[in-house]
Every structure is written in structure tokens, then in C-alpha cells.
$ cat run_23.pdb   # PDB, C-alpha atoms
ATOM      1  CA  MET A   1       4.614  18.202  -4.491  1.00  0.00           C
ATOM      2  CA  ASN A   2       4.041  14.967  -2.580  1.00  0.00           C
ATOM      3  CA  LYS A   3       4.796  12.478  -5.358  1.00  0.00           C
ATOM      4  CA  ILE A   4       7.653  10.055  -5.837  1.00  0.00           C
ATOM      5  CA  THR A   5       8.808   9.132  -9.343  1.00  0.00           C
ATOM      6  CA  ILE A   6      10.610   5.807  -9.553  1.00  0.00           C
ATOM      7  CA  GLN A   7      12.193   3.975 -12.478  1.00  0.00           C
ATOM      8  CA  SER A   8      12.597   0.236 -13.003  1.00  0.00           C
ATOM      9  CA  PRO A   9      16.124  -1.201 -12.809  1.00  0.00           C
ATOM     10  CA  ASP A  10      16.340  -1.635 -16.588  1.00  0.00           C
ATOM     11  CA  GLY A  11      14.921   1.848 -17.218  1.00  0.00           C
ATOM     12  CA  SER A  12      11.931   0.635 -19.219  1.00  0.00           C
ATOM     13  CA  LYS A  13       9.177   1.740 -16.812  1.00  0.00           C
ATOM     14  CA  VAL A  14       8.599   4.923 -14.818  1.00  0.00           C
ATOM     15  CA  LYS A  15       5.894   5.288 -12.166  1.00  0.00           C
ATOM     16  CA  THR A  16       4.745   8.359 -10.258  1.00  0.00           C
ATOM     17  CA  LEU A  17       3.008   7.654  -6.992  1.00  0.00           C
ATOM     18  CA  SER A  18       2.114   9.111  -3.629  1.00  0.00           C
ATOM     19  CA  PRO A  19       3.658   7.761  -0.412  1.00  0.00           C
ATOM     20  CA  SER A  20       0.628   8.862   1.620  1.00  0.00           C
ATOM     21  CA  TYR A  21      -2.926   7.507   1.682  1.00  0.00           C
ATOM     22  CA  SER A  22      -4.462   5.576  -1.192  1.00  0.00           C
ATOM     23  CA  ILE A  23      -7.984   6.677  -2.024  1.00  0.00           C
ATOM     24  CA  THR A  24      -8.271   3.811  -4.516  1.00  0.00           C
ATOM     25  CA  THR A  25      -7.505   1.311  -1.745  1.00  0.00           C
ATOM     26  CA  PHE A  26     -10.161   2.982   0.395  1.00  0.00           C
ATOM     27  CA  LEU A  27     -12.733   2.589  -2.367  1.00  0.00           C
ATOM     28  CA  PHE A  28     -11.759  -0.773  -3.867  1.00  0.00           C
ATOM     29  CA  SER A  29      -9.877  -2.586  -1.053  1.00  0.00           C
ATOM     30  CA  PHE A  30      -8.078  -5.762  -2.203  1.00  0.00           C
ATOM     31  CA  PHE A  31      -8.852  -5.140  -5.886  1.00  0.00           C
ATOM     32  CA  VAL A  32      -6.109  -2.466  -6.053  1.00  0.00           C
ATOM     33  CA  PRO A  33      -3.198  -4.907  -5.608  1.00  0.00           C
ATOM     34  CA  LEU A  34      -4.998  -7.326  -7.934  1.00  0.00           C
ATOM     35  CA  PHE A  35      -5.078  -4.747 -10.735  1.00  0.00           C
ATOM     36  CA  ARG A  36      -1.457  -3.744 -10.020  1.00  0.00           C
ATOM     37  CA  LYS A  37      -0.507  -7.427 -10.234  1.00  0.00           C
ATOM     38  CA  ASP A  38       0.919  -7.151  -6.737  1.00  0.00           C
ATOM     39  CA  TRP A  39       0.202 -10.727  -5.732  1.00  0.00           C
ATOM     40  CA  LYS A  40       1.920 -10.496  -2.356  1.00  0.00           C
ATOM     41  CA  TYR A  41      -0.309  -7.725  -0.998  1.00  0.00           C
ATOM     42  CA  PHE A  42      -3.364  -9.050  -2.798  1.00  0.00           C
ATOM     43  CA  GLY A  43      -2.969 -12.221  -0.727  1.00  0.00           C
ATOM     44  CA  ILE A  44      -2.174 -10.330   2.456  1.00  0.00           C
ATOM     45  CA  ILE A  45      -5.139  -7.947   2.182  1.00  0.00           C
ATOM     46  CA  LEU A  46      -7.568 -10.668   1.065  1.00  0.00           C
ATOM     47  CA  GLY A  47      -6.307 -13.038   3.772  1.00  0.00           C
ATOM     48  CA  SER A  48      -6.559 -10.402   6.480  1.00  0.00           C
ATOM     49  CA  PHE A  49     -10.050  -9.531   5.208  1.00  0.00           C
ATOM     50  CA  CYS A  50     -11.106 -13.190   5.477  1.00  0.00           C
ATOM     51  CA  ALA A  51      -9.548 -13.471   8.937  1.00  0.00           C
ATOM     52  CA  LEU A  52     -11.354 -10.300  10.029  1.00  0.00           C
ATOM     53  CA  LEU A  53     -14.594 -11.702   8.640  1.00  0.00           C
ATOM     54  CA  VAL A  54     -14.247 -14.924  10.646  1.00  0.00           C
ATOM     55  CA  ILE A  55     -13.302 -13.024  13.815  1.00  0.00           C
ATOM     56  CA  ALA A  56     -16.164 -10.587  13.284  1.00  0.00           C
ATOM     57  CA  VAL A  57     -18.738 -13.332  12.874  1.00  0.00           C
ATOM     58  CA  LEU A  58     -17.502 -15.258  15.891  1.00  0.00           C
ATOM     59  CA  PHE A  59     -16.525 -12.589  18.407  1.00  0.00           C
ATOM     60  CA  ILE A  60     -17.551  -9.031  17.544  1.00  0.00           C
ATOM     61  CA  PRO A  61     -20.991  -7.789  18.596  1.00  0.00           C
ATOM     62  CA  GLU A  62     -23.261  -6.793  15.730  1.00  0.00           C
ATOM     63  CA  ASP A  63     -23.273  -3.086  16.602  1.00  0.00           C
ATOM     64  CA  LEU A  64     -19.456  -2.932  16.256  1.00  0.00           C
ATOM     65  CA  LEU A  65     -19.188  -4.641  12.865  1.00  0.00           C
ATOM     66  CA  LYS A  66     -19.330  -1.483  10.755  1.00  0.00           C
ATOM     67  CA  PRO A  67     -16.689   0.439  12.820  1.00  0.00           C
ATOM     68  CA  THR A  68     -14.425  -2.617  12.750  1.00  0.00           C
ATOM     69  CA  GLY A  69     -14.667  -2.884   8.964  1.00  0.00           C
ATOM     70  CA  THR A  70     -14.068   0.847   8.610  1.00  0.00           C
ATOM     71  CA  ALA A  71     -10.960   0.652  10.821  1.00  0.00           C
ATOM     72  CA  PHE A  72      -9.665  -2.249   8.701  1.00  0.00           C
ATOM     73  CA  ASN A  73     -10.247  -0.245   5.529  1.00  0.00           C
ATOM     74  CA  PHE A  74      -8.559   2.879   6.946  1.00  0.00           C
ATOM     75  CA  PHE A  75      -5.503   0.847   7.961  1.00  0.00           C
ATOM     76  CA  TRP A  76      -4.960  -0.368   4.398  1.00  0.00           C
ATOM     77  CA  THR A  77      -5.830   3.069   2.994  1.00  0.00           C
ATOM     78  CA  PHE A  78      -2.960   4.681   4.877  1.00  0.00           C
ATOM     79  CA  PHE A  79      -0.361   1.920   4.677  1.00  0.00           C
ATOM     80  CA  TYR A  80      -0.735   0.078   1.340  1.00  0.00           C
ATOM     81  CA  ASN A  81       1.122   2.661  -0.775  1.00  0.00           C
ATOM     82  CA  ARG A  82       3.991   2.775   1.721  1.00  0.00           C
ATOM     83  CA  PHE A  83       4.302  -1.032   1.689  1.00  0.00           C
ATOM     84  CA  TRP A  84       4.130  -1.119  -2.106  1.00  0.00           C
ATOM     85  CA  ILE A  85       6.771   1.594  -2.544  1.00  0.00           C
ATOM     86  CA  LYS A  86       9.016  -0.085   0.011  1.00  0.00           C
ATOM     87  CA  ASP A  87       8.815  -3.400  -1.855  1.00  0.00           C
ATOM     88  CA  ARG A  88       9.480  -1.774  -5.231  1.00  0.00           C
ATOM     89  CA  VAL A  89      12.389   0.414  -4.139  1.00  0.00           C
ATOM     90  CA  PHE A  90      14.144  -1.810  -1.606  1.00  0.00           C
ATOM     91  CA  ASN A  91      13.410  -5.315  -2.907  1.00  0.00           C
ATOM     92  CA  ASP A  92      12.902  -4.936  -6.654  1.00  0.00           C
ATOM     93  CA  GLY A  93      15.653  -2.374  -7.270  1.00  0.00           C
ATOM     94  CA  TRP A  94      13.541   0.542  -8.553  1.00  0.00           C
ATOM     95  CA  LEU A  95      15.318   3.895  -8.222  1.00  0.00           C
ATOM     96  CA  PRO A  96      14.124   7.474  -7.724  1.00  0.00           C
ATOM     97  CA  VAL A  97      14.312   9.455 -10.967  1.00  0.00           C
ATOM     98  CA  ASP A  98      15.138  12.904  -9.628  1.00  0.00           C
ATOM     99  CA  GLU A  99      16.555  14.542  -6.501  1.00  0.00           C
ATOM    100  CA  GLU A 100      13.110  15.648  -5.293  1.00  0.00           C
ATOM    101  CA  SER A 101      11.884  12.039  -5.366  1.00  0.00           C
ATOM    102  CA  ARG A 102      15.053  10.874  -3.616  1.00  0.00           C
ATOM    103  CA  SER A 103      14.649  13.411  -0.809  1.00  0.00           C
ATOM    104  CA  LEU A 104      10.938  12.581  -0.352  1.00  0.00           C
ATOM    105  CA  LEU A 105      11.816   8.882  -0.302  1.00  0.00           C
ATOM    106  CA  LYS A 106      14.465   9.488   2.378  1.00  0.00           C
ATOM    107  CA  LYS A 107      11.982  11.588   4.364  1.00  0.00           C
ATOM    108  CA  THR A 108       9.291   8.899   4.117  1.00  0.00           C
ATOM    109  CA  PHE A 109      11.683   5.996   4.762  1.00  0.00           C
ATOM    110  CA  PRO A 110      14.504   7.284   7.001  1.00  0.00           C
ATOM    111  CA  ASN A 111      16.306   3.900   6.991  1.00  0.00           C
ATOM    112  CA  MET A 112      16.717   3.965   3.203  1.00  0.00           C
ATOM    113  CA  PRO A 113      20.265   3.115   2.100  1.00  0.00           C
TER
END
$ encode --input "run_23.pdb" --output "C-alpha cells"
Amino acid sequence: MNKITIQSPDGSKVKTLSPSYSITTFLFSFFVPLFRKDWKYFGIILGSFCALLVIAVLFIPEDLLKPTGTAFNFFWTFFYNRFWIKDRVFNDGWLPVDEESRSLLKKTFPNMP
């Protein structure tokens, strides 16, 4: 199974999540971190979206706008969950619940302490 189960430092919350792509991020873009109350990545995704919008309007030919937006969306689809897990586990002190989660976490993030 390709799921990681992590527990908050005080043991009050447990989350099960996938370290691979995020279909919800693909469908809803910057609303996913907003609903997760992940203000850091909400700002990063929304800011990069606004920057892409300005660059697209100024520099990208009209026939390349859709592929550029799709590439932007695919980037966040494949990397948002990894960034979110990395912040939770390494910065906020969340811990893997079981050995299977610990081994998948070490496989996904080889530099994990």
C-alpha cells in the first residue's frame, strides 16, 4: 500500500496520506492548501499562479497558454503532497505511526533522520 500514516507530536491527530500525486490538487489547484489550512503553500501556489499569469500575458504566445497552464498544474499535482509531508514530518514534528509508514517515508525521503 502506498500510504503514509503520521501522528501529531502530542498524539491527538492521525493522518493517512499518499506521498505521490495529488488528484485533488490537479482538480482544485490552490484551494487544496486553503482547505488544509496550509497557509505557506497556499501563498506559494497562489503567488506562482499569479506570476505565471503575468508572464503568460506578457510573453507567452496565445497558442501556448493552455500547455503552459497544464504544465504548471501537473507540477503542483506531483509535488504538493511531497512538500506538505516534508513540512509536517520534518518541521512540525509529526511521526510515522507504524513501521510500514516509516519505511515508505525513508524510501520517499532518503535524507530523513
$ closest_residue --input "run_23.pdb" --among "A:Phe35, A:Phe28, A:Trp94, A:Tyr41" --to "Tyr80 of chain A" --atoms "all atoms listed in the file"
A:Tyr41
$ closest_residue --input "run_23.pdb" --among "A:Val32, A:Leu104, A:Met112, A:Leu65" --to "Lys86 of chain A" --atoms "all atoms listed in the file"
A:Met112
$ resolve_selection --input "run_23.pdb" --expression "the PyMOL selection byres ((chain A and resi 96) around 10)" --output "list in words"
Ile4, Thr5, Ile6, Gln7, Ser8, Val14, Lys15, Thr16, Val89, Gly93, Trp94, Leu95, Val97, Asp98, Glu99, Glu100, Ser101, Arg102, Ser103, Leu104 and Leu105 of chain A
$ closest_residue --input "run_23.pdb" --among "A:Leu52, A:Leu17, A:Ile23, A:Leu34" --to "Thr77 of chain A" --atoms "all atoms listed in the file"
A:Ile23
$ residues_near_point --input "run_23.pdb" --point "(1.0, 5.3, 6.9)" --cutoff "8 Å" --atoms "only C-alpha atoms" --output "PDB file with C-alpha atoms, keeping the file's coordinate frame"
ATOM      1  CA  SER A  20       0.628   8.862   1.620  1.00  0.00           C
ATOM      2  CA  TYR A  21      -2.926   7.507   1.682  1.00  0.00           C
ATOM      3  CA  PHE A  75      -5.503   0.847   7.961  1.00  0.00           C
ATOM      4  CA  PHE A  78      -2.960   4.681   4.877  1.00  0.00           C
ATOM      5  CA  PHE A  79      -0.361   1.920   4.677  1.00  0.00           C
ATOM      6  CA  TYR A  80      -0.735   0.078   1.340  1.00  0.00           C
ATOM      7  CA  ARG A  82       3.991   2.775   1.721  1.00  0.00           C
TER       8      ARG A  82
END
$ closest_residue --input "run_23.pdb" --among "A:Phe90, A:Phe109, A:Phe26, A:Phe72" --to "Ser48 of chain A" --atoms "only C-alpha atoms"
A:Phe72
$ atom_distance --input "run_23.pdb" --atom1 "atom CA of Phe49 of chain A" --atom2 "atom CA of Trp76 of chain A"
10.5 Å
$ atom_distance --input "run_23.pdb" --atom1 "atom CA of Asn111 of chain A" --atom2 "atom CA of Pro9 of chain A"
20.4 Å
$ closest_residue --input "run_23.pdb" --among "A:Trp84, A:Phe74, A:Pro110, A:Ile60" --to "Lys37 of chain A" --atoms "only C-alpha atoms"
A:Trp84
$ residues_around --input "run_23.pdb" --residues "Phe31 of chain A" --least-positions-apart "6" --cutoff "9 Å" --atoms "all atoms listed in the file" --output "PDB file with C-alpha atoms, in the frame of the given file"
ATOM      1  CA  THR A  25      -7.505   1.311  -1.745  1.00  0.00           C
ATOM      2  CA  PHE A  42      -3.364  -9.050  -2.798  1.00  0.00           C
ATOM      3  CA  LEU A  46      -7.568 -10.668   1.065  1.00  0.00           C
TER       4      LEU A  46
END
$ closest_residue --input "run_23.pdb" --among "A:Pro33, A:Gly47, A:Pro19, A:Pro67" --to "Thr108 of chain A" --atoms "only C-alpha atoms"
A:Pro19
$ axis_aligned_box --input "run_23.pdb" --around "segment 77-87 of chain A" --padding-each-side "8 Å" --output "JSON"
{"center_x": 1.6, "center_y": 0.6, "center_z": 1.2, "size_x": 30.8, "size_y": 24.1, "size_z": 23.4}
$ atom_distance --input "run_23.pdb" --atom1 "atom CA of Ser18 of chain A" --atom2 "atom CA of Trp39 of chain A"
20.0 Å
$ build_atoms --input "run_23.pdb" --residues "segment 10-45 of chain A" --atoms "N, CA and C atoms" --output "mmCIF file, in the coordinates of the input"
data_model
loop_
_atom_site.group_PDB
_atom_site.id
_atom_site.type_symbol
_atom_site.label_atom_id
_atom_site.label_comp_id
_atom_site.auth_asym_id
_atom_site.auth_seq_id
_atom_site.Cartn_x
_atom_site.Cartn_y
_atom_site.Cartn_z
ATOM 1 N N ASP A 10 15.878 -1.651 -15.201
ATOM 2 C CA ASP A 10 16.340 -1.635 -16.588
ATOM 3 C C ASP A 10 15.978 -0.338 -17.316
ATOM 4 N N GLY A 11 15.253 0.552 -16.647
ATOM 5 C CA GLY A 11 14.921 1.848 -17.218
ATOM 6 C C GLY A 11 13.733 1.847 -18.155
ATOM 7 N N SER A 12 13.033 0.726 -18.254
ATOM 8 C CA SER A 12 11.931 0.635 -19.219
ATOM 9 C C SER A 12 10.615 1.205 -18.696
ATOM 10 N N LYS A 13 10.439 1.254 -17.380
ATOM 11 C CA LYS A 13 9.177 1.740 -16.812
ATOM 12 C C LYS A 13 9.433 2.847 -15.807
ATOM 13 N N VAL A 14 8.546 3.834 -15.792
ATOM 14 C CA VAL A 14 8.599 4.923 -14.818
ATOM 15 C C VAL A 14 7.216 5.052 -14.196
ATOM 16 N N LYS A 15 7.165 5.137 -12.867
ATOM 17 C CA LYS A 15 5.894 5.288 -12.166
ATOM 18 C C LYS A 15 5.964 6.491 -11.238
ATOM 19 N N THR A 16 4.871 7.249 -11.188
ATOM 20 C CA THR A 16 4.745 8.359 -10.258
ATOM 21 C C THR A 16 3.650 8.003 -9.273
ATOM 22 N N LEU A 17 3.975 8.048 -7.998
ATOM 23 C CA LEU A 17 3.008 7.654 -6.992
ATOM 24 C C LEU A 17 3.164 8.459 -5.710
ATOM 25 N N SER A 18 2.152 8.362 -4.879
ATOM 26 C CA SER A 18 2.114 9.111 -3.629
ATOM 27 C C SER A 18 2.448 8.180 -2.463
ATOM 28 N N PRO A 19 3.330 8.608 -1.558
ATOM 29 C CA PRO A 19 3.658 7.761 -0.412
ATOM 30 C C PRO A 19 2.642 7.874 0.729
ATOM 31 N N SER A 20 1.611 8.688 0.552
ATOM 32 C CA SER A 20 0.628 8.862 1.620
ATOM 33 C C SER A 20 -0.569 7.947 1.383
ATOM 34 N N TYR A 21 -1.743 8.365 1.751
ATOM 35 C CA TYR A 21 -2.926 7.507 1.682
ATOM 36 C C TYR A 21 -3.297 7.161 0.241
ATOM 37 N N SER A 22 -4.030 6.061 0.122
ATOM 38 C CA SER A 22 -4.462 5.576 -1.192
ATOM 39 C C SER A 22 -5.982 5.595 -1.249
ATOM 40 N N ILE A 23 -6.535 6.575 -1.915
ATOM 41 C CA ILE A 23 -7.984 6.677 -2.024
ATOM 42 C C ILE A 23 -8.553 5.494 -2.812
ATOM 43 N N THR A 24 -7.782 4.968 -3.763
ATOM 44 C CA THR A 24 -8.271 3.811 -4.516
ATOM 45 C C THR A 24 -8.361 2.575 -3.627
ATOM 46 N N THR A 25 -7.427 2.425 -2.690
ATOM 47 C CA THR A 25 -7.505 1.311 -1.745
ATOM 48 C C THR A 25 -8.699 1.486 -0.817
ATOM 49 N N PHE A 26 -8.990 2.720 -0.443
ATOM 50 C CA PHE A 26 -10.161 2.982 0.395
ATOM 51 C C PHE A 26 -11.443 2.575 -0.333
ATOM 52 N N LEU A 27 -11.511 2.865 -1.610
ATOM 53 C CA LEU A 27 -12.733 2.589 -2.367
ATOM 54 C C LEU A 27 -12.842 1.138 -2.840
ATOM 55 N N PHE A 28 -11.702 0.534 -3.219
ATOM 56 C CA PHE A 28 -11.759 -0.773 -3.867
ATOM 57 C C PHE A 28 -11.044 -1.888 -3.114
ATOM 58 N N SER A 29 -10.483 -1.610 -1.958
ATOM 59 C CA SER A 29 -9.877 -2.586 -1.053
ATOM 60 C C SER A 29 -8.878 -3.504 -1.770
ATOM 61 N N PHE A 30 -9.079 -4.820 -1.693
ATOM 62 C CA PHE A 30 -8.078 -5.762 -2.203
ATOM 63 C C PHE A 30 -8.023 -5.840 -3.726
ATOM 64 N N PHE A 31 -8.917 -5.138 -4.430
ATOM 65 C CA PHE A 31 -8.852 -5.140 -5.886
ATOM 66 C C PHE A 31 -7.681 -4.301 -6.409
ATOM 67 N N VAL A 32 -7.224 -3.319 -5.616
ATOM 68 C CA VAL A 32 -6.109 -2.466 -6.053
ATOM 69 C C VAL A 32 -4.839 -3.289 -6.283
ATOM 70 N N PRO A 33 -4.383 -4.095 -5.311
ATOM 71 C CA PRO A 33 -3.198 -4.907 -5.608
ATOM 72 C C PRO A 33 -3.450 -5.946 -6.708
ATOM 73 N N LEU A 34 -4.689 -6.392 -6.854
ATOM 74 C CA LEU A 34 -4.998 -7.326 -7.934
ATOM 75 C C LEU A 34 -4.778 -6.669 -9.292
ATOM 76 N N PHE A 35 -5.251 -5.447 -9.460
ATOM 77 C CA PHE A 35 -5.078 -4.747 -10.735
ATOM 78 C C PHE A 35 -3.634 -4.310 -10.966
ATOM 79 N N ARG A 36 -2.882 -4.088 -9.894
ATOM 80 C CA ARG A 36 -1.457 -3.744 -10.020
ATOM 81 C C ARG A 36 -0.588 -4.983 -10.208
ATOM 82 N N LYS A 37 -1.203 -6.139 -10.170
ATOM 83 C CA LYS A 37 -0.507 -7.427 -10.234
ATOM 84 C C LYS A 37 0.511 -7.560 -9.105
ATOM 85 N N ASP A 38 0.110 -7.075 -7.954
ATOM 86 C CA ASP A 38 0.919 -7.151 -6.737
ATOM 87 C C ASP A 38 0.373 -8.319 -5.914
ATOM 88 N N TRP A 39 0.797 -9.517 -6.293
ATOM 89 C CA TRP A 39 0.202 -10.727 -5.732
ATOM 90 C C TRP A 39 0.456 -10.864 -4.242
ATOM 91 N N LYS A 40 1.592 -10.397 -3.780
ATOM 92 C CA LYS A 40 1.920 -10.496 -2.356
ATOM 93 C C LYS A 40 0.878 -9.764 -1.510
ATOM 94 N N TYR A 41 0.639 -8.490 -1.809
ATOM 95 C CA TYR A 41 -0.309 -7.725 -0.998
ATOM 96 C C TYR A 41 -1.758 -8.030 -1.329
ATOM 97 N N PHE A 42 -2.018 -8.561 -2.515
ATOM 98 C CA PHE A 42 -3.364 -9.050 -2.798
ATOM 99 C C PHE A 42 -3.691 -10.179 -1.827
ATOM 100 N N GLY A 43 -2.773 -11.115 -1.662
ATOM 101 C CA GLY A 43 -2.969 -12.221 -0.727
ATOM 102 C C GLY A 43 -3.047 -11.764 0.713
ATOM 103 N N ILE A 44 -2.183 -10.821 1.072
ATOM 104 C CA ILE A 44 -2.174 -10.330 2.456
ATOM 105 C C ILE A 44 -3.480 -9.600 2.787
ATOM 106 N N ILE A 45 -3.909 -8.699 1.907
ATOM 107 C CA ILE A 45 -5.139 -7.947 2.182
ATOM 108 C C ILE A 45 -6.350 -8.871 2.150
#
